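> The structure follows.
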Amino acid sequence: MDKIFDVSVIIVNWNAGKYLQETIDSLEKQTQNISYEIILVDNNSNKDEESFKYIENNLNNKKNITIIKSNENLGFARANNLAMKKARGRNFLILNPDVIFHNNVIKILSDYLDNNEDVGMTGPKVLNPDGSFQQPCLRGKPYPKDTLFHLIGLAKAFPKCKALNGYALWYLDRDEINECGALSGCCMMLKKSLFDEIGGMDEQFFMYQEETDWGLRTNEAGKNIIYNPNAVVTHYQGVTTKKNQLKSILIFTQSMEKFFKKHFWKRYNFIEKTFWLALIWGNFGFKYVKMRLKK
């Protein structure tokens with residue numbers, strides 16, 4: 001009979017360089033008093049790349065690590081789903097290969113899920129390398145008007161105004177446990193029972209928006225999503241996407257369009273749909289110009 005773990009840690013790697021080893025070293029150093037396995041999916045990294053060499057030379061024979069090597073880049077959602085179907089944990093931790101643990105994150109999050117029946121997902125406080133707060137780890141439900149206020153800067157300009165902060169939730173205390181609408185896909189934990197009920201990430205999203213979609217589906221299933229700052233990580237955001245910034249911006253925009261069409265398309269008339277699509281692709285144009293000007 002297969003061993004059952006408290007937590008299955010799922011890492012999807014694609015050319016993450018030195019950060020993959022730092023992530024696993026950090027996880028092993030900080031995690032105590034809880035059983036876990038690691039399932040690592042390599043999304044066809046370059047064979048001469050540092051993270052791939054680390055997998056080959058250091059991880060293949062470790063007893064609590066399962067390596068899945070893909071012959072193609074499956075994307076974030078599909079690769080995570082592949083791993084979750086093989087996972088033997090009571091809870092699943094989705095973890096990027098560029099995250100450093102500050103404390104016993106796995107036990108803190110797992111204990112919270114175990115002790116709160118109404119909670120389906122939870123995630124830690126996420127910091128940038130300079131110690132500042134990484135906003136995507138505490139978000140509301142991504143209704144179009146709230147996303148608009150966030151994108152144009154109104155939300156951050158008036159952080160105490162709830163009417164403008166349905167997405168960014170700047171009015172909430174970042175040091176308090178709070179219910180929210182979505183967590184950061186860099187580090188988030190869910191119950192296996194939730195995965196069994198609502199399924200995995202929607203694979204139409206190659207990358208980006210999959211965790212936001214998952215959050216909406218979790219709430220629709222009657223389960224809460226909790227931001228838990230008692231667990232703290234640092235995320236080196238964009239380690240792999242910075243290597244092809246234009247493609248990353250394009251995929252982000254395509255995912256935003258798919259998300260809007262999946263959840264909000266039927267709510268609007270033709271003129272409103274045109275406006276929101278223009279906003280989505282206008283944001284792409286703005287980011288593209290900004291990227292070019294930096295070069």
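How things are named: the first chain in the structure tokens is A, the next is B, and so on; residues count from 1 in each chain; ligands count from 1 in the order shown.
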For stretch 198-208 of chain A, list every protein, DNA or RNA residue within 7 Å, evaluated using only C-alpha atoms, and leave out those in the same chain fewer than 5 positions away; present the list as a tab-separated table (two decimals) with all heavy atoms, in the first residue's frame.


chain	number	residue	atom	x	y	z
A	75	GLY	N	3.11	23.80	-19.71
A	75	GLY	CA	2.46	24.94	-19.10
A	75	GLY	C	2.25	24.69	-17.62
A	75	GLY	O	2.38	23.57	-17.12
A	76	PHE	N	1.93	25.74	-16.89
A	76	PHE	CA	1.82	25.67	-15.43
A	76	PHE	C	0.64	24.82	-14.98
A	76	PHE	O	0.77	23.93	-14.14
A	76	PHE	CB	1.71	27.10	-14.86
A	76	PHE	CG	1.82	27.18	-13.37
A	76	PHE	CD1	3.02	26.92	-12.72
A	76	PHE	CD2	0.72	27.53	-12.60
A	76	PHE	CE1	3.12	27.01	-11.34
A	76	PHE	CE2	0.81	27.63	-11.21
A	76	PHE	CZ	2.01	27.36	-10.58
A	77	ALA	N	-0.52	25.08	-15.54
A	77	ALA	CA	-1.74	24.38	-15.10
A	77	ALA	C	-1.66	22.88	-15.40
A	77	ALA	O	-1.90	22.04	-14.52
A	77	ALA	CB	-2.96	24.99	-15.77
A	78	ARG	N	-1.32	22.55	-16.61
A	78	ARG	CA	-1.30	21.14	-17.01
A	78	ARG	C	-0.26	20.34	-16.22
A	78	ARG	O	-0.51	19.20	-15.81
A	78	ARG	CB	-1.02	21.05	-18.51
A	78	ARG	CG	-1.21	19.68	-19.12
A	78	ARG	CD	-1.01	19.77	-20.63
A	78	ARG	NE	-0.76	18.46	-21.22
A	78	ARG	CZ	-0.24	18.27	-22.43
A	78	ARG	NH1	0.08	19.33	-23.17
A	78	ARG	NH2	-0.03	17.06	-22.89
A	81	ASN	N	-1.52	19.80	-12.66
A	81	ASN	CA	-2.58	18.79	-12.65
A	81	ASN	C	-2.00	17.38	-12.76
A	81	ASN	O	-2.46	16.45	-12.10
A	81	ASN	CB	-3.56	19.04	-13.79
A	81	ASN	CG	-4.43	20.25	-13.56
A	81	ASN	OD1	-4.51	20.77	-12.44
A	81	ASN	ND2	-5.10	20.71	-14.60
A	214	TRP	N	-9.18	29.24	-10.24
A	214	TRP	CA	-9.31	28.23	-9.20
A	214	TRP	C	-9.97	28.82	-7.95
A	214	TRP	O	-10.77	28.18	-7.29
A	214	TRP	CB	-7.93	27.70	-8.85
A	214	TRP	CG	-7.83	26.22	-8.72
A	214	TRP	CD1	-8.76	25.27	-9.00
A	214	TRP	CD2	-6.68	25.49	-8.25
A	214	TRP	NE1	-8.27	24.01	-8.76
A	214	TRP	CE2	-6.99	24.13	-8.29
A	214	TRP	CE3	-5.41	25.89	-7.81
A	214	TRP	CZ2	-6.09	23.13	-7.91
A	214	TRP	CZ3	-4.52	24.90	-7.44
A	214	TRP	CH2	-4.86	23.53	-7.48
A	251	ILE	N	1.32	36.09	-23.27
A	251	ILE	CA	0.59	34.99	-22.63
A	251	ILE	C	-0.28	35.51	-21.50
A	251	ILE	O	-1.43	35.07	-21.32
A	251	ILE	CB	1.58	33.92	-22.11
A	251	ILE	CG1	2.27	33.22	-23.29
A	251	ILE	CG2	0.85	32.88	-21.25
A	251	ILE	CD1	3.39	32.28	-22.88
A	252	PHE	N	0.24	36.48	-20.73
A	252	PHE	CA	-0.55	37.09	-19.65
A	252	PHE	C	-1.82	37.72	-20.21
A	252	PHE	O	-2.92	37.54	-19.66
A	252	PHE	CB	0.30	38.15	-18.93
A	252	PHE	CG	-0.45	38.90	-17.87
A	252	PHE	CD1	-0.57	38.38	-16.59
A	252	PHE	CD2	-1.03	40.13	-18.14
A	252	PHE	CE1	-1.27	39.06	-15.60
A	252	PHE	CE2	-1.73	40.82	-17.16
A	252	PHE	CZ	-1.85	40.29	-15.89
A	255	SER	N	-4.31	35.13	-21.40
A	255	SER	CA	-4.96	34.49	-20.26
A	255	SER	C	-6.02	35.40	-19.65
A	255	SER	O	-7.08	34.92	-19.23
A	255	SER	CB	-3.91	34.12	-19.20
A	255	SER	OG	-3.08	33.08	-19.66

> Can you tell me, as an NGL selection string, which residues in stretch 41-210 of chain A count as helix (DSSP H, G or I) by DSSP?

:A and (50-59 or 76-86 or 105-115 or 135-137 or 144-151 or 154-157 or 162-164 or 192-198 or 210)

> Find the residue from A:Arg267, A:Lys107, A:His235, A:Lys86 that sits nearest to A:Ile68; use only C-alpha atoms when measuring.

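The shortest atom-to-atom distance to A:Ile68 comes from A:Lys86.
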
> Using only C-alpha atoms, pick whichever of A:Asn43, A:Ser70, A:Thr31, A:Asn178 has the shortest atom-to-atom distance to A:Ile100.

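Nearest to A:Ile100: A:Thr31.
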
> What lies within 10 Å of A:Lys145 using only C-alpha atoms, ignoring chain neighbours under 3 positions off, as number ranges by chain?

A: 142, 148-151, 164-167, 276

> Kindly indicate which residue among A:Glu28, A:Glu272, A:Glu220, A:Glu49 lies nearest to A:Glu197, using only C-alpha atoms for the distances.

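Using only C-alpha atoms, A:Glu197 sits closest to A:Glu220.
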
> Calculated over only C-alpha atoms, which of the candidates A:Val289, A:Ala87, A:Ile24, A:Val232 has the smallest distance to A:Met188?

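Ranking A:Val289, A:Ala87, A:Ile24, A:Val232 by distance to A:Met188, first place goes to A:Val232.
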
> With a distance cut-off of 9 Å and only C-alpha atoms, select the neighbouring residues of A:Lys258, excluding the residue or stretch itself and same-chain residues fewer than 4 positions from it, and output the selection as a ChimeraX atom specification.

/A:204-205,209,253-254,262-263

> From a backbone DSSP assignment, name each residue in stretch 91-286 of chain A labelled strand (DSSP E), as a tab-separated table (two decimals) with all heavy atoms, in the first residue's frame.


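In the end it all went to states-v1.tsv:
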chain	number	residue	atom	x	y	z
A	91	ASN	N	-3.05	17.15	1.87
A	91	ASN	CA	-3.11	18.52	1.35
A	91	ASN	C	-2.04	18.68	0.28
A	91	ASN	O	-1.02	17.98	0.29
A	91	ASN	CB	-2.88	19.54	2.47
A	91	ASN	CG	-3.94	19.47	3.56
A	91	ASN	OD1	-5.13	19.38	3.27
A	91	ASN	ND2	-3.51	19.50	4.82
A	92	PHE	N	-2.27	19.61	-0.66
A	92	PHE	CA	-1.31	19.86	-1.74
A	92	PHE	C	-0.76	21.28	-1.62
A	92	PHE	O	-1.53	22.23	-1.51
A	92	PHE	CB	-2.00	19.75	-3.11
A	92	PHE	CG	-2.60	18.40	-3.43
A	92	PHE	CD1	-3.53	18.29	-4.45
A	92	PHE	CD2	-2.24	17.26	-2.73
A	92	PHE	CE1	-4.10	17.06	-4.77
A	92	PHE	CE2	-2.79	16.02	-3.04
A	92	PHE	CZ	-3.72	15.92	-4.06
A	93	LEU	N	0.56	21.41	-1.68
A	93	LEU	CA	1.20	22.73	-1.74
A	93	LEU	C	1.71	22.98	-3.15
A	93	LEU	O	2.58	22.26	-3.64
A	93	LEU	CB	2.37	22.84	-0.76
A	93	LEU	CG	3.08	24.21	-0.76
A	93	LEU	CD1	2.21	25.27	-0.12
A	93	LEU	CD2	4.44	24.14	-0.07
A	94	ILE	N	1.15	23.99	-3.82
A	94	ILE	CA	1.65	24.42	-5.13
A	94	ILE	C	2.78	25.40	-4.87
A	94	ILE	O	2.59	26.43	-4.20
A	94	ILE	CB	0.53	25.09	-5.96
A	94	ILE	CG1	-0.70	24.17	-6.06
A	94	ILE	CG2	1.05	25.48	-7.34
A	94	ILE	CD1	-0.44	22.83	-6.71
A	95	LEU	N	3.97	25.12	-5.39
A	95	LEU	CA	5.15	25.91	-5.05
A	95	LEU	C	5.99	26.20	-6.29
A	95	LEU	O	6.34	25.29	-7.03
A	95	LEU	CB	6.00	25.14	-4.03
A	95	LEU	CG	7.24	25.84	-3.49
A	95	LEU	CD1	6.86	27.04	-2.64
A	95	LEU	CD2	8.09	24.85	-2.67
A	99	VAL	N	11.11	30.22	-4.58
A	99	VAL	CA	10.50	30.66	-3.32
A	99	VAL	C	11.37	30.21	-2.15
A	99	VAL	O	11.79	29.06	-2.10
A	99	VAL	CB	9.07	30.08	-3.17
A	99	VAL	CG1	8.51	30.35	-1.78
A	99	VAL	CG2	8.14	30.66	-4.23
A	100	ILE	N	11.61	31.12	-1.22
A	100	ILE	CA	12.41	30.82	-0.02
A	100	ILE	C	11.50	30.87	1.21
A	100	ILE	O	10.79	31.85	1.43
A	100	ILE	CB	13.56	31.83	0.15
A	100	ILE	CG1	14.45	31.84	-1.11
A	100	ILE	CG2	14.38	31.51	1.39
A	100	ILE	CD1	15.08	30.50	-1.44
A	101	PHE	N	11.53	29.80	2.02
A	101	PHE	CA	10.70	29.74	3.23
A	101	PHE	C	11.38	30.49	4.38
A	101	PHE	O	12.57	30.30	4.63
A	101	PHE	CB	10.50	28.28	3.66
A	101	PHE	CG	9.58	27.49	2.78
A	101	PHE	CD1	9.21	27.94	1.52
A	101	PHE	CD2	9.08	26.27	3.21
A	101	PHE	CE1	8.36	27.20	0.71
A	101	PHE	CE2	8.22	25.52	2.42
A	101	PHE	CZ	7.87	25.98	1.16
A	119	VAL	N	-12.62	25.92	5.05
A	119	VAL	CA	-11.55	26.50	4.24
A	119	VAL	C	-11.04	25.48	3.23
A	119	VAL	O	-10.73	24.34	3.59
A	119	VAL	CB	-10.39	27.00	5.12
A	119	VAL	CG1	-9.25	27.54	4.26
A	119	VAL	CG2	-10.88	28.07	6.09
A	120	GLY	N	-10.96	25.89	1.96
A	120	GLY	CA	-10.47	25.00	0.92
A	120	GLY	C	-9.04	25.27	0.51
A	120	GLY	O	-8.30	24.35	0.15
A	121	MET	N	-8.64	26.55	0.58
A	121	MET	CA	-7.30	26.96	0.18
A	121	MET	C	-6.75	27.97	1.18
A	121	MET	O	-7.51	28.75	1.77
A	121	MET	CB	-7.31	27.65	-1.19
A	121	MET	CG	-7.59	26.78	-2.37
A	121	MET	SD	-7.52	27.77	-3.91
A	121	MET	CE	-7.77	26.47	-5.13
A	122	THR	N	-5.43	27.99	1.33
A	122	THR	CA	-4.77	29.00	2.14
A	122	THR	C	-3.39	29.28	1.58
A	122	THR	O	-2.81	28.43	0.88
A	122	THR	CB	-4.68	28.57	3.62
A	122	THR	OG1	-4.17	29.65	4.40
A	122	THR	CG2	-3.80	27.35	3.80
A	123	GLY	N	-2.87	30.47	1.87
A	123	GLY	CA	-1.56	30.83	1.36
A	123	GLY	C	-0.85	31.76	2.32
A	123	GLY	O	-1.46	32.39	3.19
A	124	PRO	N	0.49	31.89	2.19
A	124	PRO	CA	1.29	32.67	3.12
A	124	PRO	C	1.38	34.14	2.72
A	124	PRO	O	0.93	34.55	1.64
A	124	PRO	CB	2.66	32.02	2.98
A	124	PRO	CG	2.72	31.66	1.52
A	124	PRO	CD	1.32	31.23	1.17
A	125	LYS	N	2.00	34.92	3.59
A	125	LYS	CA	2.44	36.26	3.21
A	125	LYS	C	3.63	36.09	2.27
A	125	LYS	O	4.56	35.33	2.56
A	125	LYS	CB	2.86	37.07	4.43
A	125	LYS	CG	3.46	38.44	4.06
A	125	LYS	CD	4.12	39.11	5.25
A	125	LYS	CE	3.10	39.83	6.09
A	125	LYS	NZ	3.74	40.70	7.12
A	126	VAL	N	3.60	36.77	1.13
A	126	VAL	CA	4.69	36.66	0.15
A	126	VAL	C	5.41	38.00	0.07
A	126	VAL	O	4.78	39.05	-0.12
A	126	VAL	CB	4.15	36.26	-1.24
A	126	VAL	CG1	5.30	36.13	-2.24
A	126	VAL	CG2	3.36	34.96	-1.16
A	127	LEU	N	6.72	37.95	0.20
A	127	LEU	CA	7.55	39.15	0.14
A	127	LEU	C	8.40	39.17	-1.12
A	127	LEU	O	8.75	38.12	-1.66
A	127	LEU	CB	8.48	39.21	1.36
A	127	LEU	CG	7.81	39.16	2.74
A	127	LEU	CD1	8.88	39.15	3.82
A	127	LEU	CD2	6.85	40.31	2.93
A	178	ASN	N	-6.88	36.85	6.88
A	178	ASN	CA	-8.03	37.43	6.20
A	178	ASN	C	-8.59	36.48	5.15
A	178	ASN	O	-7.83	35.76	4.48
A	178	ASN	CB	-7.64	38.75	5.50
A	178	ASN	CG	-7.64	39.93	6.44
A	178	ASN	OD1	-8.68	40.34	6.95
A	178	ASN	ND2	-6.46	40.48	6.69
A	179	GLU	N	-9.90	36.53	4.99
A	179	GLU	CA	-10.54	35.83	3.88
A	179	GLU	C	-10.31	36.65	2.62
A	179	GLU	O	-10.32	37.88	2.65
A	179	GLU	CB	-12.03	35.67	4.16
A	179	GLU	CG	-12.77	34.82	3.13
A	179	GLU	CD	-14.23	34.61	3.48
A	179	GLU	OE1	-14.58	34.72	4.67
A	179	GLU	OE2	-15.01	34.34	2.54
A	180	CYS	N	-10.10	35.98	1.49
A	180	CYS	CA	-9.84	36.69	0.24
A	180	CYS	C	-10.42	35.91	-0.94
A	180	CYS	O	-11.08	34.88	-0.76
A	180	CYS	CB	-8.35	36.93	0.05
A	180	CYS	SG	-7.34	35.44	0.00
A	187	CYS	N	2.90	30.09	-4.14
A	187	CYS	CA	2.88	29.28	-2.93
A	187	CYS	C	1.46	29.30	-2.37
A	187	CYS	O	1.02	30.30	-1.80
A	187	CYS	CB	3.87	29.84	-1.90
A	187	CYS	SG	4.03	28.81	-0.41
A	188	MET	N	0.75	28.21	-2.54
A	188	MET	CA	-0.63	28.11	-2.05
A	188	MET	C	-0.94	26.66	-1.74
A	188	MET	O	-0.44	25.75	-2.40
A	188	MET	CB	-1.61	28.67	-3.09
A	188	MET	CG	-1.55	28.01	-4.44
A	188	MET	SD	-2.54	28.85	-5.71
A	188	MET	CE	-4.19	28.54	-5.11
A	189	MET	N	-1.76	26.43	-0.71
A	189	MET	CA	-2.08	25.07	-0.30
A	189	MET	C	-3.58	24.84	-0.36
A	189	MET	O	-4.37	25.72	-0.01
A	189	MET	CB	-1.57	24.79	1.12
A	189	MET	CG	-1.70	23.32	1.53
A	189	MET	SD	-1.06	22.96	3.19
A	189	MET	CE	0.71	23.11	2.93
A	190	LEU	N	-3.97	23.66	-0.83
A	190	LEU	CA	-5.37	23.28	-0.89
A	190	LEU	C	-5.55	21.87	-0.36
A	190	LEU	O	-4.60	21.08	-0.33
A	190	LEU	CB	-5.90	23.37	-2.32
A	190	LEU	CG	-5.34	22.35	-3.33
A	190	LEU	CD1	-6.41	22.01	-4.36
A	190	LEU	CD2	-4.11	22.91	-4.03
A	191	LYS	N	-6.76	21.58	0.06
A	191	LYS	CA	-7.09	20.23	0.50
A	191	LYS	C	-7.25	19.31	-0.71
A	191	LYS	O	-7.80	19.72	-1.74
A	191	LYS	CB	-8.39	20.25	1.30
A	191	LYS	CG	-8.29	20.99	2.61
A	191	LYS	CD	-9.64	21.09	3.30
A	191	LYS	CE	-9.52	21.79	4.65
A	191	LYS	NZ	-10.83	22.02	5.29
A	224	ASN	N	-14.01	28.59	1.67
A	224	ASN	CA	-13.32	29.87	1.84
A	224	ASN	C	-11.85	29.77	1.44
A	224	ASN	O	-11.25	28.68	1.47
A	224	ASN	CB	-13.42	30.34	3.29
A	224	ASN	CG	-14.84	30.68	3.69
A	224	ASN	OD1	-15.63	31.15	2.86
A	224	ASN	ND2	-15.18	30.46	4.95
A	225	ILE	N	-11.28	30.92	1.11
A	225	ILE	CA	-9.86	31.06	0.79
A	225	ILE	C	-9.26	32.00	1.82
A	225	ILE	O	-9.79	33.09	2.04
A	225	ILE	CB	-9.67	31.63	-0.63
A	225	ILE	CG1	-10.36	30.73	-1.66
A	225	ILE	CG2	-8.19	31.79	-0.95
A	225	ILE	CD1	-10.45	31.35	-3.04
A	226	ILE	N	-8.18	31.58	2.45
A	226	ILE	CA	-7.63	32.32	3.59
A	226	ILE	C	-6.17	32.70	3.34
A	226	ILE	O	-5.33	31.85	3.03
A	226	ILE	CB	-7.74	31.51	4.89
A	226	ILE	CG1	-9.20	31.24	5.23
A	226	ILE	CG2	-7.05	32.24	6.04
A	226	ILE	CD1	-10.02	32.47	5.56
A	227	TYR	N	-5.89	33.99	3.50
A	227	TYR	CA	-4.53	34.52	3.53
A	227	TYR	C	-4.03	34.40	4.97
A	227	TYR	O	-4.66	34.90	5.90
A	227	TYR	CB	-4.54	35.97	3.07
A	227	TYR	CG	-3.32	36.78	3.44
A	227	TYR	CD1	-2.14	36.67	2.70
A	227	TYR	CD2	-3.35	37.67	4.51
A	227	TYR	CE1	-1.02	37.42	3.04
A	227	TYR	CE2	-2.25	38.43	4.85
A	227	TYR	CZ	-1.09	38.30	4.11
A	227	TYR	OH	0.01	39.05	4.45
A	228	ASN	N	-2.91	33.69	5.16
A	228	ASN	CA	-2.39	33.43	6.50
A	228	ASN	C	-0.95	33.95	6.64
A	228	ASN	O	0.01	33.27	6.25
A	228	ASN	CB	-2.44	31.93	6.81
A	228	ASN	CG	-2.08	31.62	8.24
A	228	ASN	OD1	-1.50	32.44	8.95
A	228	ASN	ND2	-2.42	30.42	8.69
A	229	PRO	N	-0.77	35.16	7.19
A	229	PRO	CA	0.56	35.76	7.28
A	229	PRO	C	1.45	35.16	8.36
A	229	PRO	O	2.60	35.59	8.50
A	229	PRO	CB	0.25	37.23	7.58
A	229	PRO	CG	-1.03	37.18	8.35
A	229	PRO	CD	-1.81	36.04	7.75
A	230	ASN	N	0.92	34.17	9.11
A	230	ASN	CA	1.79	33.47	10.07
A	230	ASN	C	2.85	32.65	9.34
A	230	ASN	O	3.90	32.33	9.90
A	230	ASN	CB	0.95	32.56	10.97
A	230	ASN	CG	0.03	33.35	11.87
A	230	ASN	OD1	0.39	34.42	12.36
A	230	ASN	ND2	-1.18	32.85	12.08
A	231	ALA	N	2.57	32.30	8.08
A	231	ALA	CA	3.55	31.65	7.21
A	231	ALA	C	4.11	32.72	6.27
A	231	ALA	O	3.35	33.52	5.71
A	231	ALA	CB	2.90	30.53	6.42
A	232	VAL	N	5.43	32.74	6.09
A	232	VAL	CA	6.07	33.81	5.30
A	232	VAL	C	7.08	33.21	4.33
A	232	VAL	O	7.89	32.35	4.70
A	232	VAL	CB	6.78	34.83	6.22
A	232	VAL	CG1	7.33	36.00	5.40
A	232	VAL	CG2	5.84	35.34	7.31
A	233	VAL	N	7.03	33.70	3.07
A	233	VAL	CA	8.01	33.29	2.06
A	233	VAL	C	8.50	34.52	1.30
A	233	VAL	O	7.85	35.57	1.31
A	233	VAL	CB	7.42	32.28	1.05
A	233	VAL	CG1	6.89	31.04	1.75
A	233	VAL	CG2	6.34	32.92	0.18
A	234	THR	N	9.63	34.36	0.65
A	234	THR	CA	10.11	35.35	-0.33
A	234	THR	C	10.02	34.73	-1.71
A	234	THR	O	10.38	33.57	-1.90
A	234	THR	CB	11.57	35.76	-0.04
A	234	THR	OG1	11.61	36.55	1.16
A	234	THR	CG2	12.15	36.59	-1.18
A	235	HIS	N	9.52	35.51	-2.66
A	235	HIS	CA	9.35	35.02	-4.03
A	235	HIS	C	10.19	35.87	-4.98
A	235	HIS	O	9.99	37.08	-5.08
A	235	HIS	CB	7.87	35.11	-4.43
A	235	HIS	CG	7.58	34.67	-5.83
A	235	HIS	ND1	6.59	35.22	-6.61
A	235	HIS	CD2	8.18	33.72	-6.61
A	235	HIS	CE1	6.58	34.64	-7.78
A	235	HIS	NE2	7.53	33.73	-7.81

> Extract, using only C-alpha atoms, all DNA, RNA and protein residues at most 12 Å from A:Ile4, discarding same-chain residues fewer than 3 positions from it, and format them as a PyMOL selection string.

chain A and resi 1+7-8+34-37+64+86-91+192

> Between A:Val41, A:Ile177, A:Lys162, A:Asn219, which is the closest to A:Ile65 once you count only C-alpha atoms?

A:Val41
